[in-house]
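Structure record follows, encoded as structure tokens.
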Amino acid sequence: MIKAIGIDVGSTTAKIVGVNESGEFVWSYIEPADPRVEDQVERFLEKVREMAGSIEGIPIVATGYGRNLVHQATKKVTEITCHARGVFKQLGHGGTLVDIGGQDSKVIVIGPHGEVVDFTMNDKCAAGTGRFLENTAGRLRVKLEEMGNVALSAPEEVKISSTCTVFAESEIISMIAHGVRVEPILKGLHRSLVKRIVAMIRSVGLVPPLMLSGGVVKNPAIRKMIEEETGEKVILPDHPQFMGAYGAALIGLKLGKG
Amino acid sequence: MVKIPKRHEVCRKFKEQGGKVAAVLPIHYPRALLRAFDILPVEVWGPPQVDVSYGGAHLQPYVCSIVHNALSFLKTGGLDETDLIIVPHTCDSLQGFGSILLDFVKPRQPVFPVYLPRGKRQEDVEFLVNEFKSLYRGLEKITGKSPKTDEILKRIEIEEKADAKLKELYEIRGEFSFESGKAKSRSSKGDALSTYDFYRVVRAREFLPVEEFIELADEVISEYSFVREGVPVILSGIVPEPMEVLNAIEEAGGFVVADDLACCGRRLYGGGKSSEPLKRMAERIIFGPPDVTRGNLIEERFEHLKYLAEVTGARGIIFYTVKFCEPELFDLPDLKNMLKSAGIPSVQVEIDIGDPLPHQTITRLTAFLEVLA
């Protein structure tokens with residue numbers, strides 16, 4: 001029985017999560033982000049109605065960059081608070097959470113009671129976000145979901161010197177023109193992204209354990225390289241891509257309980 | 001909305017009355033000295049809405065938007081109504097700006113650089129007095145006037161009165177006292193003064209003749225109600241541009257209870273002591289609230305912010321920095337760590353003053369206020 005709903009309108013995907021009275025993750029749905037946010041949210045809520053009947057009186061909390069367009073929301077909360085809430089509920093401890101999304105990446109230090117202690121965001125540049133990989137995957141004709149394994153298959157890697165996504169793409173074209181193979185290029189690209197993330201982790205100060213969320217963590221090379229660069233084992237929640245929506249639903253549940 | 005004339009209207013009116021207008025770049029300069037020569041200082045903090053490509057031809061891309069915009073503004077005729085330009089040596093970029101004007105751009109107005117010492121020793125006061133003497137001689141040449149000691153002192157007294165009025169505005173709004181920390185009684189009549197409007201009033205000090213500023217402050221104190229509502233925060237940085245950031249903070253549930261902004265709170269100068277006017281002006285600037293551009297140590301800035309947080313009850317600090325502002329950015333890692341150790345959370349957001357307020361910045365501010373709430 002769904003008692004609260006969280007909707008995360010991200011730049012790449014939109015997610016919806018339903019939780020039961022105990023705050024357990026009981027239902028979810030994901031679609032690529034639709035520029036017509038209001039239509040997409042209405043579609044999402046229709047799916048909930050089909051599955052659970054009426055949603056009258058069920059609190060809805062919206063998060064993500066499109067949260068202000070979710071007019072049905074009881075409350076709107078930022079991704080930072082929602083990711084922290086979701087991950088803390090699933091893993092049961094604080095630490096440092098890295099969320100790598102399509103449009104931005106965030107490092108959130110979560111306290112022992114699930115509170116956000118500090119955070120930083122990379123929100124001005126595509127380098128360090130999922131978009132960086134997505135762009136280059138297209139250029140190298142590698143499927144996005146295969147990129148990580150292809151990168152890990154390379155015994156060596158090339159250094160990508162550009163920190164800008166657009167210039168990195170030009171650099172890749174130049175490398176291909178010089179006969180460099182796709183695998184070491186991909187490995188170098190992943191390293192470049194991870195180094196940016198690790199710089200952010202260092203700027204807030206790593207408080208172990210290290211946790212990951214966001215769609216990009218499905219990529220095994222990212223996980224492995226973050227471990228290599230930080231020397232910390234990373235921990236993933238059960239539904240890393242849904243942590244924002246899940247946290248939003250948990251906030252909704254609390255609202256519902258007054 | 002509080003009615004405040006626009007900068008160009010103020011310039012025109014002042015000139016019609018026989019005075020001259022000086023375009024003054026940030027941050028510290030002797031206001032009273034200029035007024036003693038019947039020159040109205042009108043400050044140039046950018047401004048935000050200009051085509052930056054004109055200045056870009058002379059400047060490296062990593063020079064801040066305040067300097068880029070100021071040069072573009074000058075080159076597109078924005079300073080045509082002014083009679084002279086004053087460029088304080090606030091940072092390397094502004095010093096470079098002064099040099100570019102003198103050596104390359106050569107505007108029709110005379111340009112006066114003012115070098116600021118980086119310290120609070122007696123030698124620093126003497127250095128600044130000599131800078132003011134040099135400025136005095138330059139102003140004598142272009143105006144034909146030689147104001148006497150008592151005339152300058154009279155101007156200083158009015159400026160000190162305006163600064164005291166500015167402090168009073170902050171204290172009423174934030175319900176605190178800079179000196180004792182005790183809350184002041186608050187006005188409850190009239191419309192509530194928004195954060196946006198409060199800062200429009202505070203920033204009118206950048207261009208209104210001091211007499212008009214005092215009138216404006218008195219009018220606001222008597223006709224508006226001051227409501228302290230929301231999560232109290234301190235805003236630190238250079239200039240709150242685009243000013244929509246103030247609405248964004250308010251909409252996210254925040255209340256700017258005090259600030260450490262270069263254009264506002266860092267210029268709440270105390271009253272001077274010396275009866276020698278140039279020395280009194282120098283002392284006021286040198287012993288003003290801590291400012292990285294005057295060489296104050298990080299420790300002094302930390303103590304000042306900590307004290308502000310204590311007396312105002314602020315729960316956190318928003319560092320609102322202009323991109324490529326070296327003096328500010330050099331301090332931040334250590335300053336943020338010191339605040340963190342003292343249990344004062346902070347967040348840093350970086351902006352380009354010519355850009356509209358980005359959605360990402362709003363998210364960052366909102367998230368910070370969620371943390372504090």
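Letters A, B, ... go to the chains of the structure tokens in the order shown; residues in each chain start at 1; ligands are counted from 1 in the same order.
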
Margin query: If we count only C-alpha atoms and set the cut-off at 9 Å, which residues sit around Arg155 in chain B, ignoring sequence neighbours fewer than 4 positions away in its own chain? Please answer as a ChimeraX atom specification.
Written below: /B:31-33,35-36,150-151,159-160

Generate the output file for the selected residues, all heavy atoms, as a CSV table (one decimal), in the first residue's frame.
```csv
chain,number,residue,atom,x,y,z
B,31,ARG,N,35.2,59.3,0.3
B,31,ARG,CA,34.0,60.0,-0.2
B,31,ARG,C,34.0,61.5,0.1
B,31,ARG,O,33.6,62.3,-0.7
B,31,ARG,CB,32.7,59.3,0.4
B,31,ARG,CG,32.3,58.0,-0.2
B,31,ARG,CD,31.1,57.5,0.6
B,31,ARG,NE,30.5,56.4,-0.1
B,31,ARG,CZ,30.2,55.3,0.6
B,31,ARG,NH1,30.4,55.1,1.8
B,31,ARG,NH2,29.6,54.3,-0.1
B,32,ALA,N,34.3,61.7,1.4
B,32,ALA,CA,34.2,63.1,1.9
B,32,ALA,C,35.1,64.1,1.2
B,32,ALA,O,34.8,65.2,0.9
B,32,ALA,CB,34.5,63.2,3.4
B,33,LEU,N,36.3,63.6,0.8
B,33,LEU,CA,37.2,64.4,0.1
B,33,LEU,C,36.6,64.8,-1.3
B,33,LEU,O,36.7,66.0,-1.7
B,33,LEU,CB,38.6,63.6,-0.1
B,33,LEU,CG,39.7,64.4,-0.8
B,33,LEU,CD1,40.1,65.6,0.0
B,33,LEU,CD2,40.9,63.5,-1.0
B,35,ARG,N,33.5,65.0,-2.1
B,35,ARG,CA,32.4,66.0,-1.9
B,35,ARG,C,32.9,67.4,-1.5
B,35,ARG,O,32.2,68.4,-1.8
B,35,ARG,CB,31.4,65.4,-0.9
B,35,ARG,CG,30.5,64.3,-1.4
B,35,ARG,CD,29.7,64.7,-2.6
B,35,ARG,NE,28.9,65.9,-2.4
B,35,ARG,CZ,27.7,65.9,-1.8
B,35,ARG,NH1,27.1,64.8,-1.4
B,35,ARG,NH2,27.0,67.0,-1.7
B,36,ALA,N,34.0,67.4,-0.8
B,36,ALA,CA,34.6,68.7,-0.5
B,36,ALA,C,35.0,69.5,-1.7
B,36,ALA,O,35.0,70.7,-1.7
B,36,ALA,CB,35.8,68.5,0.4
B,150,ASP,N,38.5,72.8,7.6
B,150,ASP,CA,37.1,72.7,8.2
B,150,ASP,C,36.1,72.3,7.2
B,150,ASP,O,35.1,71.6,7.6
B,150,ASP,CB,36.8,74.0,8.9
B,150,ASP,CG,36.9,75.2,7.9
B,150,ASP,OD1,37.5,75.1,6.9
B,150,ASP,OD2,36.2,76.2,8.2
B,151,GLU,N,36.3,72.6,5.9
B,151,GLU,CA,35.3,72.2,4.9
B,151,GLU,C,35.3,70.7,4.8
B,151,GLU,O,34.3,70.1,4.7
B,151,GLU,CB,35.6,72.9,3.6
B,151,GLU,CG,35.3,74.4,3.5
B,151,GLU,CD,35.8,74.9,2.2
B,151,GLU,OE1,35.1,74.8,1.2
B,151,GLU,OE2,37.0,75.5,2.1
B,159,GLU,N,29.3,62.3,6.2
B,159,GLU,CA,29.5,60.9,5.8
B,159,GLU,C,29.5,60.0,7.0
B,159,GLU,O,28.9,58.9,6.9
B,159,GLU,CB,30.9,60.8,5.1
B,159,GLU,CG,31.0,61.5,3.8
B,159,GLU,CD,30.2,61.0,2.6
B,159,GLU,OE1,29.7,59.9,2.7
B,159,GLU,OE2,30.0,61.8,1.7
B,160,GLU,N,30.0,60.4,8.1
B,160,GLU,CA,30.0,59.5,9.3
B,160,GLU,C,28.5,59.3,9.8
B,160,GLU,O,28.2,58.3,10.2
B,160,GLU,CB,30.9,60.1,10.4
B,160,GLU,CG,32.3,60.0,10.1
B,160,GLU,CD,33.3,60.5,11.2
B,160,GLU,OE1,32.8,61.1,12.2
B,160,GLU,OE2,34.5,60.3,11.1
```

Would you tabulate, counting only C-alpha atoms, all residues of range 46-94 of chain A that have an atom at most 12 Å from an atom of range 210-225 of chain A, showing the closest pair of atoms and their distance in Å to one decimal, sorted by chain then ascending number, as CSV?
```
residue,atom,partner,partner_atom,distance
A:Gly64,CA,A:Gly214,CA,11.8
A:Glu79,CA,A:Gly214,CA,10.8
A:Ile80,CA,A:Ser213,CA,11.5
A:Cys82,CA,A:Ser213,CA,11.6
A:His83,CA,A:Ser213,CA,7.9
A:Ala84,CA,A:Ser213,CA,9.8
A:Gly86,CA,A:Ser213,CA,9.8
A:Val87,CA,A:Ser213,CA,8.0
A:Phe88,CA,A:Met211,CA,10.0
A:Gln90,CA,A:Met211,CA,11.2
A:Leu91,CA,A:Met211,CA,9.2
A:Gly92,CA,A:Met211,CA,11.7
A:His93,CA,A:Met211,CA,10.1
A:Gly94,CA,A:Met211,CA,9.1
```

Margin query: Between B:Ala162, B:Val111, B:Val233, B:Ala262, which residue has the minimum interatomic distance to Pro289 in chain B, considering only C-alpha atoms?
Written below: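 Distance minimum relative to Pro289 in chain B lands on B:Ala262.
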
Note to self: List the spatial neighbours of Glu350 in chain B as a list in words - criterion: any atom at most 9 Å away, only C-alpha atoms, same-chain residues fewer than 5 positions off excluded.
What the structure shows: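 Everything that qualifies: Phe319, Tyr320, Thr321, Val322, Lys323 and Thr361 of chain B.
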
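Between CA of Ala23 in chain B and CA of Gly78 in chain B there is a distance of 10.1 Å.
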
Residues of chain B that approach chain A to 8 Å or less, counting only C-alpha atoms: could you list each one with the shortest pair of atoms and its distance in Å to one decimal, rows by chain and increasing residue number, as JSON lines?
```
{"residue": "B:Pro345", "atom": "CA", "partner": "A:Asp118", "partner_atom": "CA", "distance": 7.6}
{"residue": "B:His359", "atom": "CA", "partner": "A:Tyr65", "partner_atom": "CA", "distance": 7.9}
{"residue": "B:Gln360", "atom": "CA", "partner": "A:Asp123", "partner_atom": "CA", "distance": 6.1}
{"residue": "B:Thr363", "atom": "CA", "partner": "A:Thr78", "partner_atom": "CA", "distance": 6.4}
{"residue": "B:Arg364", "atom": "CA", "partner": "A:Met121", "partner_atom": "CA", "distance": 7.7}
{"residue": "B:Thr366", "atom": "CA", "partner": "A:Thr78", "partner_atom": "CA", "distance": 6.9}
{"residue": "B:Ala367", "atom": "CA", "partner": "A:Thr78", "partner_atom": "CA", "distance": 5.6}
{"residue": "B:Glu370", "atom": "CA", "partner": "A:Thr81", "partner_atom": "CA", "distance": 7.3}
{"residue": "B:Val371", "atom": "CA", "partner": "A:Val116", "partner_atom": "CA", "distance": 6.0}
```

Would you write out those residues with N, CA and C atoms, as a CSV table (one decimal), in the first residue's frame?
```
chain,number,residue,atom,x,y,z
B,345,PRO,N,28.1,26.5,9.6
B,345,PRO,CA,28.2,26.0,8.3
B,345,PRO,C,28.2,27.1,7.2
B,359,HIS,N,19.7,28.5,-12.4
B,359,HIS,CA,18.9,27.5,-11.6
B,359,HIS,C,19.7,26.8,-10.6
B,360,GLN,N,20.9,26.4,-11.1
B,360,GLN,CA,21.8,25.6,-10.2
B,360,GLN,C,22.2,26.4,-8.9
B,363,THR,N,19.3,26.1,-6.6
B,363,THR,CA,19.2,24.8,-5.9
B,363,THR,C,20.3,24.7,-4.8
B,364,ARG,N,21.4,25.3,-5.1
B,364,ARG,CA,22.5,25.2,-4.1
B,364,ARG,C,22.1,26.0,-2.8
B,366,THR,N,19.0,26.8,-1.9
B,366,THR,CA,17.9,26.2,-1.3
B,366,THR,C,18.3,25.0,-0.5
B,367,ALA,N,19.2,24.2,-1.0
B,367,ALA,CA,19.7,23.0,-0.3
B,367,ALA,C,20.4,23.4,1.0
B,370,GLU,N,17.9,24.3,3.5
B,370,GLU,CA,17.2,23.1,4.0
B,370,GLU,C,18.1,22.5,5.1
B,371,VAL,N,19.4,22.5,4.9
B,371,VAL,CA,20.3,22.0,5.9
B,371,VAL,C,20.2,22.8,7.2
```

Next item on the list: Find the residues around Phe132 in chain B up to 8 Å (only C-alpha atoms counted), leave out those fewer than 2 positions away in its own chain, and share them as a list in words.
Entry: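 That gives Pro30, Val114, Leu128, Val129, Asn130, Ser134, Leu135, Tyr136 and Leu278 of chain B.
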
Item checked: For His89 in chain B: contacts at 8 Å, only C-alpha atoms, fewer than 2 positions along chain excluded, given as a ChimeraX atom specification -> /B:87,91-92,94-95,113-116

File of the preceding selection, C-alpha atoms, as a PDB file, in the first residue's frame:
```pdb
ATOM      1  CA  VAL B  87      40.367  53.417  -9.577  1.00  0.00           C
ATOM      2  CA  CYS B  91      43.058  43.872  -6.416  1.00  0.00           C
ATOM      3  CA  ASP B  92      45.411  43.074  -9.276  1.00  0.00           C
ATOM      4  CA  LEU B  94      41.429  46.624 -10.765  1.00  0.00           C
ATOM      5  CA  GLN B  95      45.002  47.870 -10.668  1.00  0.00           C
ATOM      6  CA  PRO B 113      44.483  55.536  -9.248  1.00  0.00           C
ATOM      7  CA  VAL B 114      44.409  55.294  -5.449  1.00  0.00           C
ATOM      8  CA  TYR B 115      46.808  52.807  -3.878  1.00  0.00           C
ATOM      9  CA  LEU B 116      45.566  51.127  -0.721  1.00  0.00           C
TER      10      LEU B 116
END
```

Next item on the list: List every residue of range 194-246 of chain A that DSSP, applied to the backbone, labels as helix (DSSP H, G or I), and write the result as a PyMOL selection string.
Entry: chain A and resi 194-204+215-218+220-230+240-246

Next item on the list: Might you pull out every residue within 12 Å of Val61 in chain A, with only C-alpha atoms counted and same-chain residues fewer than 2 positions away left off, and present them as an NGL selection string?
Entry: :A and (3-9 or 15-19 or 41 or 58-59 or 63-64 or 67-79 or 81-82 or 244-256)

Next item on the list: Do a neighbour search on Leu332 in chain B at 12 Å with only C-alpha atoms, toss out local chain neighbours closer than 5 positions, and write the hits as number ranges by chain.
Entry: A: 203; B: 236-237, 292, 297-299, 301-302, 317-321, 325-327, 337-340, 346-350

Item checked: Computed interatomic separation between CA of Glu140 in chain B and CA of Gln17 in chain B (Å) -> 19.3 Å

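Relative to CA of Lys106 in chain A, CA of Arg202 in chain A is found at 12.3 Å.
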
Next item on the list: Step one, run DSSP on the backbone; step two, keep only residues of range 218-299 of chain B assigned to strand (DSSP E or B); then write them as a PyMOL selection string.
Entry: chain B and resi 225+231-237+254-261

How about saving the chosen residues, C-alpha atoms kept, as a compact mmCIF listing (two decimals), in the first residue's frame?
```txt
# COMPACT_ATOMS: atom_id res chain seq x y z
CA SER B 225 7.99 47.69 8.88
CA VAL B 231 16.37 31.10 8.60
CA PRO B 232 18.91 33.81 9.47
CA VAL B 233 22.03 33.77 7.30
CA ILE B 234 24.97 36.07 6.62
CA LEU B 235 25.79 36.93 3.02
CA SER B 236 29.49 37.33 2.30
CA GLY B 237 31.24 38.28 -0.92
CA GLY B 254 16.20 32.43 4.26
CA PHE B 255 16.64 35.83 5.87
CA VAL B 256 19.83 37.80 5.25
CA VAL B 257 20.33 39.09 8.77
CA ALA B 258 23.72 40.73 8.15
CA ASP B 259 26.34 40.81 5.47
CA ASP B 260 30.04 40.85 4.81
CA LEU B 261 29.67 42.19 1.28
```

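Closest approach to Tyr170 in chain B from the set B:Phe112, B:Tyr269, B:Phe198, B:Tyr307 is made by B:Phe198, with distances taken over only C-alpha atoms.
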